[in-house]
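Source file: work-v1.txt; contents: compact mmCIF, C-alpha atoms and all ligand atoms.
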```txt
# COMPACT_ATOMS: atom_id res chain seq x y z
CA MET A 1 13.61 4.35 -0.21
CA ARG A 2 15.51 6.57 2.17
CA LEU A 3 15.88 3.56 4.46
CA VAL A 4 17.90 1.68 1.88
CA ARG A 5 20.04 4.69 1.09
CA GLN A 6 20.85 5.32 4.72
CA ASN A 7 22.00 1.77 5.18
CA ASP A 8 24.08 2.05 2.06
CA SER A 9 25.86 5.14 3.33
CA ASN A 10 26.28 3.63 6.80
CA ASP A 11 27.89 0.61 5.28
CA VAL A 12 30.22 2.76 3.23
CA THR A 13 31.21 4.71 6.34
CA LYS A 14 31.74 1.59 8.40
CA GLY A 15 33.62 -0.11 5.59
CA GLY A 16 36.14 2.75 5.31
CA GLY A 17 39.89 2.18 5.48
CA SER A 18 40.18 2.84 9.20
CA ALA A 19 37.74 0.12 10.23
CA PRO A 20 39.23 -2.92 11.92
CA SER A 21 39.48 -5.94 9.64
CA GLY A 22 36.91 -7.97 11.59
CA ALA A 23 34.32 -5.20 11.27
CA ARG A 24 35.00 -4.84 7.56
CA GLY A 25 34.13 -8.51 6.99
CA VAL A 26 30.69 -8.02 8.52
CA THR A 27 30.12 -4.79 6.62
CA LEU A 28 30.99 -6.36 3.28
CA CYS A 29 28.32 -9.03 3.71
CA GLY A 30 25.78 -6.39 4.70
CA SER A 31 26.55 -3.91 1.95
CA ALA A 32 26.40 -6.59 -0.73
CA ALA A 33 22.86 -7.40 0.42
CA TRP A 34 21.72 -3.78 0.39
CA ALA A 35 23.30 -3.04 -2.96
CA ARG A 36 21.56 -5.95 -4.56
CA SER A 37 18.14 -5.02 -3.24
CA ALA A 38 18.38 -1.27 -3.93
CA PRO A 39 15.76 0.14 -6.37
CA ILE A 40 16.87 1.93 -9.53
CA ASP A 41 15.36 5.22 -8.49
CA PRO A 42 14.74 5.81 -4.81
CA GLN A 43 13.19 9.27 -5.31
CA VAL A 44 9.62 8.33 -4.66
CA ALA A 45 8.97 7.08 -1.14
CA ASN A 46 5.98 4.79 -1.09
CA ARG A 47 4.58 2.55 1.54
CA PRO A 48 3.60 -0.62 -0.35
CA PHE A 49 6.87 -0.76 -2.23
CA ARG A 50 8.92 0.22 0.84
CA ARG A 51 7.28 -2.59 2.81
CA ALA A 52 8.12 -5.14 0.11
CA GLN A 53 11.58 -3.68 -0.14
CA SER A 54 12.15 -3.88 3.61
CA ALA A 55 10.92 -7.48 3.70
CA LEU A 56 13.22 -8.33 0.83
CA ALA A 57 16.14 -6.57 2.48
CA LEU A 58 15.46 -8.28 5.80
CA LEU A 59 15.33 -11.68 4.16
CA THR A 60 18.41 -10.95 2.15
CA VAL A 61 20.34 -9.79 5.19
CA THR A 62 19.15 -12.80 7.19
CA ALA A 63 20.11 -15.18 4.42
CA LEU A 64 23.44 -13.53 3.87
CA THR A 65 24.16 -13.34 7.57
CA VAL A 66 23.71 -17.10 7.65
CA GLY A 67 26.03 -17.36 4.65
CA CYS A 68 28.57 -15.02 6.22
CA ALA A 69 28.48 -16.86 9.54
CA GLY A 70 29.29 -20.06 7.67
CA GLU A 71 32.46 -18.46 6.31
CA SER A 72 33.68 -17.64 9.79
CA ASP A 73 36.55 -19.60 11.36
CA ASP A 74 34.54 -20.17 14.50
CA THR A 75 32.31 -23.12 13.57
CA ASN A 76 31.79 -24.21 17.13
CA VAL A 77 29.46 -21.50 18.35
CA LYS A 78 27.34 -23.05 21.08
CA PRO A 79 23.70 -22.06 21.48
CA ALA A 80 22.71 -20.19 24.61
CA ALA A 81 21.30 -22.26 27.45
CA GLY A 82 17.82 -23.55 26.55
CA GLN A 83 18.24 -22.64 22.85
CA GLN A 84 18.31 -25.17 20.04
CA LEU A 85 21.08 -25.29 17.49
CA LEU A 86 20.04 -23.69 14.18
CA LYS A 87 19.63 -26.38 11.56
CA ALA A 88 20.55 -25.96 7.91
CA PRO A 89 17.24 -26.71 6.08
CA PRO A 90 15.19 -23.68 7.31
CA ALA A 91 18.09 -21.34 6.60
CA GLN A 92 18.42 -22.83 3.13
CA ALA A 93 14.69 -22.44 2.44
CA LEU A 94 14.87 -18.82 3.53
CA ASP A 95 17.87 -18.29 1.31
CA GLU A 96 16.01 -19.78 -1.68
CA TYR A 97 13.01 -17.57 -0.97
CA ALA A 98 15.21 -14.50 -0.73
CA THR A 99 16.90 -15.47 -4.00
CA LYS A 100 13.52 -15.81 -5.73
CA LEU A 101 12.41 -12.41 -4.41
CA ARG A 102 15.64 -10.86 -5.60
CA GLN A 103 15.27 -12.44 -9.04
CA LYS A 104 11.67 -11.20 -9.33
CA HIS A 105 12.72 -7.72 -8.29
CA SER A 106 15.65 -7.58 -10.67
CA ALA A 107 13.46 -8.82 -13.58
CA ARG A 108 11.13 -5.91 -12.83
CA VAL A 109 14.01 -3.45 -12.68
CA THR A 110 15.26 -4.74 -16.04
CA ALA A 111 11.79 -4.37 -17.62
CA VAL A 112 11.44 -0.85 -16.22
CA LYS A 113 14.78 0.13 -17.76
CA ARG A 114 14.04 -1.62 -21.05
CA TRP A 115 10.76 0.25 -21.52
CA GLY A 116 12.18 3.60 -20.48
CA LEU A 117 10.14 4.19 -17.33
CA PRO A 118 11.84 6.76 -15.13
CA GLU A 119 11.08 4.84 -11.93
CA LEU A 120 9.74 1.55 -10.59
CA PRO A 121 5.92 1.42 -10.55
CA LEU A 122 4.44 1.12 -7.07
CA SER A 123 2.96 -2.25 -6.11
CA ALA A 124 -0.81 -2.33 -5.72
CA PRO A 125 -2.22 -3.55 -2.39
CA PRO A 126 -3.97 -6.96 -2.38
CA PRO A 127 -7.48 -6.91 -3.91
CA PRO A 128 -10.15 -5.90 -1.37
CA LYS A 129 -11.74 -8.88 0.43
CA LYS A 130 -15.11 -7.16 0.32
CA LYS A 131 -15.95 -5.50 -3.00
CA PRO A 132 -16.96 -1.85 -2.65
CA HIS A 133 -20.60 -0.95 -3.15
CA ILE A 134 -20.76 1.00 -6.40
CA LYS A 135 -23.37 3.68 -6.91
CA THR A 136 -24.05 5.99 -9.84
CA ARG A 137 -22.05 9.21 -9.56
CA LYS A 138 -24.14 12.25 -8.60
CA GLY A 139 -25.29 14.07 -11.70
CA PHE A 140 -24.78 10.98 -13.89
CA GLU A 141 -28.21 9.43 -13.17
CA VAL A 142 -30.94 9.02 -15.80
CA ASP A 143 -34.55 9.85 -14.91
CA ASP A 144 -35.54 6.39 -13.75
CA HIS A 145 -32.17 4.88 -12.79
CA GLU A 146 -33.47 2.45 -10.15
CA GLY A 147 -32.44 -1.09 -11.08
CA LEU A 148 -30.27 0.00 -14.01
CA PRO A 149 -26.46 -0.55 -14.13
CA PRO A 150 -24.52 2.09 -12.14
CA VAL A 151 -22.57 4.76 -14.06
CA PHE A 152 -19.40 5.91 -12.27
CA THR A 153 -16.00 7.47 -12.80
CA THR A 154 -14.25 6.43 -9.56
CA ILE A 155 -14.32 3.26 -7.45
CA PRO A 156 -15.02 4.01 -3.78
CA THR A 157 -11.79 2.96 -2.06
CA LYS A 158 -9.17 4.42 0.28
CA ASP A 159 -6.43 2.50 -1.53
CA LYS A 160 -4.05 4.78 -3.41
CA VAL A 161 -4.78 3.07 -6.71
CA VAL A 162 -6.03 4.08 -10.14
CA PHE A 163 -7.39 1.88 -12.94
CA LEU A 164 -6.32 2.04 -16.59
CA THR A 165 -8.98 1.42 -19.25
CA ILE A 166 -8.25 1.49 -22.98
CA ASP A 167 -10.92 1.99 -25.63
CA ASP A 168 -11.86 1.35 -29.27
CA GLY A 169 -9.13 -0.87 -30.80
CA ALA A 170 -7.68 1.03 -33.79
CA GLU A 171 -3.99 0.56 -32.98
CA LYS A 172 -2.73 -3.02 -32.67
CA ASP A 173 0.83 -2.54 -31.52
CA PRO A 174 2.65 -5.78 -30.53
CA ALA A 175 5.18 -3.71 -28.51
CA PHE A 176 2.35 -2.50 -26.30
CA LEU A 177 1.34 -6.10 -25.45
CA ARG A 178 4.95 -6.98 -24.58
CA MET A 179 5.44 -3.83 -22.55
CA MET A 180 2.33 -4.32 -20.42
CA SER A 181 3.13 -8.01 -19.79
CA GLU A 182 6.76 -7.38 -18.87
CA LEU A 183 5.89 -4.45 -16.60
CA LYS A 184 2.83 -6.30 -15.23
CA ILE A 185 0.60 -3.23 -15.55
CA PRO A 186 -3.08 -4.24 -15.37
CA TYR A 187 -5.67 -2.64 -17.66
CA THR A 188 -9.14 -3.29 -19.02
CA ALA A 189 -10.15 -3.01 -22.69
CA PHE A 190 -13.43 -1.64 -24.10
CA LEU A 191 -13.70 -2.78 -27.69
CA SER A 192 -15.69 -1.63 -30.70
CA ASP A 193 -16.16 -4.28 -33.37
CA TYR A 194 -15.70 -2.08 -36.46
CA LEU A 195 -12.05 -1.60 -35.39
CA VAL A 196 -11.37 -4.91 -33.65
CA LYS A 197 -12.59 -7.09 -36.54
CA LYS A 198 -9.54 -6.09 -38.61
CA ASP A 199 -7.47 -8.29 -36.30
CA TYR A 200 -9.37 -10.33 -33.72
CA GLY A 201 -6.15 -12.27 -33.05
CA TYR A 202 -4.42 -9.24 -31.51
CA PHE A 203 -7.07 -8.97 -28.81
CA LYS A 204 -7.00 -12.74 -28.26
CA LYS A 205 -3.32 -12.35 -27.33
CA MET A 206 -4.36 -9.55 -24.98
CA GLN A 207 -6.98 -11.77 -23.35
CA ASP A 208 -4.43 -14.61 -23.04
CA ARG A 209 -2.30 -12.19 -21.01
CA GLY A 210 -5.13 -11.75 -18.50
CA VAL A 211 -6.83 -8.61 -19.86
CA VAL A 212 -10.64 -8.57 -19.64
CA LEU A 213 -12.30 -7.54 -22.92
CA ASN A 214 -15.44 -5.45 -22.53
CA ASN A 215 -18.19 -3.89 -24.62
CA HIS A 216 -17.87 -0.55 -26.45
CA THR A 217 -20.60 -1.31 -29.09
CA LEU A 218 -20.43 -2.63 -32.62
CA HIS A 219 -20.04 0.65 -34.55
CA HIS A 220 -19.19 3.38 -32.00
CA ARG A 221 -22.30 5.48 -32.62
CA TYR A 222 -23.60 8.41 -30.56
CA MET A 223 -26.10 6.37 -28.57
CA PRO A 224 -28.64 9.00 -27.41
CA ARG A 225 -29.58 9.63 -31.04
CA LEU A 226 -30.51 5.97 -31.63
CA SER A 227 -33.81 4.25 -30.79
CA TYR A 228 -33.94 1.73 -27.94
CA ALA A 229 -33.97 -1.12 -30.49
CA ALA A 230 -30.95 0.25 -32.37
CA GLN A 231 -29.01 0.76 -29.13
CA LYS A 232 -29.82 -2.79 -28.09
CA ARG A 233 -28.50 -4.08 -31.42
CA GLU A 234 -25.26 -2.12 -30.87
CA ILE A 235 -24.74 -3.46 -27.35
CA CYS A 236 -26.11 -7.02 -27.60
CA GLY A 237 -24.41 -7.38 -31.00
CA MET A 238 -21.03 -6.64 -29.39
CA GLN A 239 -21.81 -9.00 -26.50
CA HIS A 240 -22.34 -11.69 -29.12
CA VAL A 241 -19.09 -10.90 -31.00
CA ILE A 242 -16.97 -10.99 -27.83
CA GLU A 243 -18.63 -14.20 -26.64
CA LYS A 244 -18.15 -15.87 -30.02
CA ARG A 245 -14.54 -14.72 -30.56
CA TYR A 246 -13.24 -14.79 -26.99
CA GLY A 247 -15.57 -17.19 -25.18
CA LYS A 248 -16.76 -14.77 -22.52
CA ARG A 249 -19.74 -12.43 -22.36
CA PRO A 250 -18.72 -9.03 -20.96
CA THR A 251 -20.31 -7.57 -17.83
CA LEU A 252 -18.93 -4.04 -18.34
CA PHE A 253 -20.07 -1.57 -21.00
CA ARG A 254 -18.80 1.88 -21.86
CA PRO A 255 -20.93 4.00 -24.22
CA PRO A 256 -19.00 5.69 -27.07
CA PHE A 257 -17.90 9.24 -26.08
CA GLY A 258 -19.37 8.54 -22.63
CA ASN A 259 -22.83 9.58 -23.93
CA TYR A 260 -25.95 7.67 -22.91
CA ASN A 261 -29.61 8.02 -22.00
CA GLU A 262 -32.09 5.84 -20.13
CA ASP A 263 -32.60 3.64 -23.21
CA THR A 264 -28.84 2.98 -23.31
CA LEU A 265 -28.81 1.69 -19.75
CA ARG A 266 -32.02 -0.32 -20.22
CA ALA A 267 -30.58 -1.90 -23.37
CA ALA A 268 -27.26 -2.58 -21.62
CA LYS A 269 -29.06 -4.29 -18.75
CA ALA A 270 -31.12 -6.38 -21.20
CA CYS A 271 -27.85 -7.52 -22.83
CA GLY A 272 -26.42 -8.69 -19.46
CA ILE A 273 -24.32 -5.65 -18.53
CA LYS A 274 -23.79 -5.12 -14.79
CA ALA A 275 -21.88 -1.83 -14.66
CA VAL A 276 -21.00 1.20 -16.80
CA PRO A 277 -17.57 2.57 -15.83
CA LEU A 278 -16.77 5.98 -17.34
CA TRP A 279 -13.55 7.83 -16.39
CA ASN A 280 -12.21 10.69 -14.29
CA GLU A 281 -9.02 11.38 -16.25
CA GLU A 282 -7.88 10.75 -19.79
CA VAL A 283 -4.26 10.14 -20.77
CA PHE A 284 -2.90 10.68 -24.30
CA ALA A 285 0.58 10.13 -25.71
CA ASP A 286 1.42 13.79 -25.02
CA ARG A 287 -0.92 15.05 -22.26
CA TRP A 288 -3.51 14.44 -19.55
CA ASP A 289 -7.11 15.71 -19.39
CA TYR A 290 -8.99 15.92 -16.09
CA ARG A 291 -12.67 15.88 -15.26
CA GLU A 292 -12.16 17.54 -11.86
CA TRP A 293 -11.16 21.17 -11.30
CA ASP A 294 -8.20 20.13 -9.07
CA ARG A 295 -6.48 18.44 -12.06
CA ASP A 296 -5.32 15.62 -9.80
CA LEU A 297 -5.70 11.87 -9.34
CA HIS A 298 -7.92 10.52 -6.55
CA PRO A 299 -8.00 7.06 -4.92
CA GLY A 300 -10.02 4.72 -7.16
CA ASP A 301 -10.06 6.97 -10.24
CA ILE A 302 -10.68 5.31 -13.57
CA VAL A 303 -8.35 6.59 -16.28
CA LEU A 304 -9.30 6.44 -19.96
CA SER A 305 -6.94 5.98 -22.86
CA HIS A 306 -7.24 4.68 -26.43
CA PHE A 307 -5.63 2.15 -28.72
CA ARG A 308 -4.02 4.77 -30.94
CA GLY A 309 -0.75 5.11 -32.82
CA LYS A 310 1.34 7.83 -34.45
CA GLU A 311 -1.29 8.52 -37.12
CA HIS A 312 -3.90 9.28 -34.42
CA TRP A 313 -1.91 11.14 -31.77
CA LYS A 314 1.59 12.43 -31.04
CA GLY A 315 3.30 9.18 -30.10
CA THR A 316 3.03 5.43 -29.75
CA MET A 317 1.13 3.24 -27.28
CA PRO A 318 4.33 2.77 -25.21
CA ASP A 319 4.70 6.61 -25.16
CA MET A 320 1.22 6.84 -23.68
CA VAL A 321 2.04 4.19 -21.06
CA ARG A 322 5.25 6.02 -20.07
CA ARG A 323 3.30 9.27 -19.64
CA PHE A 324 0.62 7.44 -17.65
CA MET A 325 3.06 5.61 -15.36
CA LYS A 326 5.19 8.68 -14.71
CA LEU A 327 2.37 10.80 -13.31
CA VAL A 328 0.71 7.91 -11.46
CA THR A 329 4.00 6.93 -9.76
CA ASP A 330 5.09 10.53 -9.10
CA ARG A 331 1.83 11.15 -7.24
CA GLY A 332 2.22 8.00 -5.15
CA TYR A 333 -0.39 5.78 -6.84
CA ALA A 334 -0.27 2.15 -7.94
CA VAL A 335 -2.22 0.70 -10.88
CA ALA A 336 -4.76 -1.94 -9.81
CA ARG A 337 -7.05 -4.32 -11.70
CA LEU A 338 -10.53 -2.85 -12.16
CA GLU A 339 -12.12 -6.32 -12.03
CA ASP A 340 -10.67 -6.87 -8.53
CA TYR A 341 -12.84 -4.02 -7.24
CA LEU A 342 -16.07 -4.84 -9.11
ZN ZN B 401 -14.59 5.07 -27.94
```

Represent the structure contained in this file as structure tokens.
Ligand SMILES: [Zn+2]
Amino acid sequence: MRLVRQNDSNDVTKGGGSAPSGARGVTLCGSAAWARSAPIDPQVANRPFRRAQSALALLTVTALTVGCAGESDDTNVKPAAGQQLLKAPPAQALDEYATKLRQKHSARVTAVKRWGLPELPLSAPPPPKKKPHIKTRKGFEVDDHEGLPPVFTTIPTKDKVVFLTIDDGAEKDPAFLRMMSELKIPYTAFLSDYLVKKDYGYFKKMQDRGVVLNNHTLHHRYMPRLSYAAQKREICGMQHVIEKRYGKRPTLFRPPFGNYNEDTLRAAKACGIKAVPLWNEEVFADRWDYREWDRDLHPGDIVLSHFRGKEHWKGTMPDMVRRFMKLVTDRGYAVARLEDYL
């Protein structure tokens, strides 16, 4: 956001006491525009957000320039030869658009402050037009993997995005639902019925807010120890519960603890599962765990977390989200919707 800052300081310099009165009038219009579109914390420079910011600033300046010109005494400015006179309606439409953008931005700033995020989350790029081809991660294959759902921890993409996935369903914190809606942070849920059934309504509200509910088995057992038939009951049983309660049969399945064997994947496929996303990092209320030696995020990484509260870990769900968003934003990543890439 250095761009915005520089303009701010330029305006301040230009608007100083020694400037001629005519110049000050112009500067005041300009500085009002920049001040209104400035982010709350310009520390992290990021391209997607900077682009949106620049567009917003440009529109704002254009709109305000029109407004400022209208205040001028000289209302008889003639267009240059061959140029048409600017008409009011397009300028007004632009002004309305700029106002809407500003309102949207300031609602986001307010939400970020309200939920105690140290900085504005970065905006994710538009969903890819062509979905990436997903293969099983090396070393995660079962003996005869051909034709079975792929198991992966990262989506192949160059976009600087990560995906948040939240498992199990023990904690049902209404503040978490509000926080994620107001901040517009996408995530995907993997639910286990023995926890979810205590309050199906909570997850209905989650689904109503656009979250996709996926399969994490009926009873959260260690799958490799179960027979094929028992694994199928665990997975198909949960498919049935989600379809009955929420009207949609999941296509994603995550085995409890990330443990599976060939029977697990065969059973998952038989139950209609298309893909098995695991994770590359795990975020808790008080720390991060990494799968890779570099202890860093990578484009397309899937991040795991859990529906847990103070009795399960050192903090609340909003604490976990704050920890998640801080690192993700600090390292220049945006949070994208997993379903947009699958
Ligand atoms: Zn789990």

Exercise for review: Let me have all residues with an atom within 10 Å of ligand ZN 401 (chain B), counting all atoms listed in the file, laid out as a list in words.
Suggested key: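 Those within range of ligand ZN 401 (chain B) are Ile166, Asp167, Asp168, Gly169, Ala170, Phe190, Leu191, Ser192, His216, Thr217, His219, His220, Arg221, Tyr222, Arg254, Pro255, Pro256, Phe257, Gly258, Leu304, Ser305, His306 and Phe307 of chain A.
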
Review point. What's the 12 Å shell around Leu226 (chain A), counting all atoms listed in the file, without same-chain residues fewer than 2 positions away, as a ChimeraX atom specification?
Key: /A:220-224,228-235,259-264,267

Exercise for review: Measuring atom to atom with all atoms listed in the file, identify which of A:Glu182, A:Glu243, A:Thr157, A:Leu213 is nearest to His133 (chain A).
Suggested key: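 Using all atoms listed in the file, His133 (chain A) sits closest to A:Thr157.
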
Near-region 106-117 of chain A list (7 Å; only C-alpha atoms; drop same-chain fewer than 2 positions) as a PDB file with C-alpha atoms, in the coordinates of the input:
```
ATOM      1  CA  ILE A  40      16.870   1.930  -9.530  1.00  0.00           C
ATOM      2  CA  ARG A 102      15.640 -10.860  -5.600  1.00  0.00           C
ATOM      3  CA  GLN A 103      15.270 -12.440  -9.040  1.00  0.00           C
ATOM      4  CA  LYS A 104      11.670 -11.200  -9.330  1.00  0.00           C
ATOM      5  CA  GLU A 119      11.080   4.840 -11.930  1.00  0.00           C
ATOM      6  CA  LEU A 120       9.740   1.550 -10.590  1.00  0.00           C
ATOM      7  CA  MET A 179       5.440  -3.830 -22.550  1.00  0.00           C
ATOM      8  CA  GLU A 182       6.760  -7.380 -18.870  1.00  0.00           C
ATOM      9  CA  LEU A 183       5.890  -4.450 -16.600  1.00  0.00           C
ATOM     10  CA  ARG A 322       5.250   6.020 -20.070  1.00  0.00           C
TER      11      ARG A 322
END
```

Exercise for review: Figure out the distance between CA of Asp199 (chain A) and CA of Phe176 (chain A), please, to one decimal in Å.
Suggested key: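 Computing it gives 15.2 Å between the two atoms.
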
Exercise for review: Go through A:Gln207, A:Thr165, A:Asn215, A:Thr99 one by one, measure the shortest atom-to-atom distance of each to Leu177 (chain A) using all atoms listed in the file, and give the residue with the smallest value.
Suggested key: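 Nearest to Leu177 (chain A): A:Gln207.
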
Practice item. Would you please work out which residue, of A:Glu141, A:Pro132, A:Leu94, A:Lys160, is nearest to Thr329 (chain A) when using all atoms listed in the file? Key: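 With all atoms listed in the file as the atom set, the closest residue is A:Lys160.
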
Practice item. Using only C-alpha atoms, pick whichever of A:Tyr290, A:Tyr202, A:Trp279, A:Phe284 has the shortest atom-to-atom distance to Arg178 (chain A). Key: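 For Arg178 (chain A), the nearest of the candidates is A:Tyr202.
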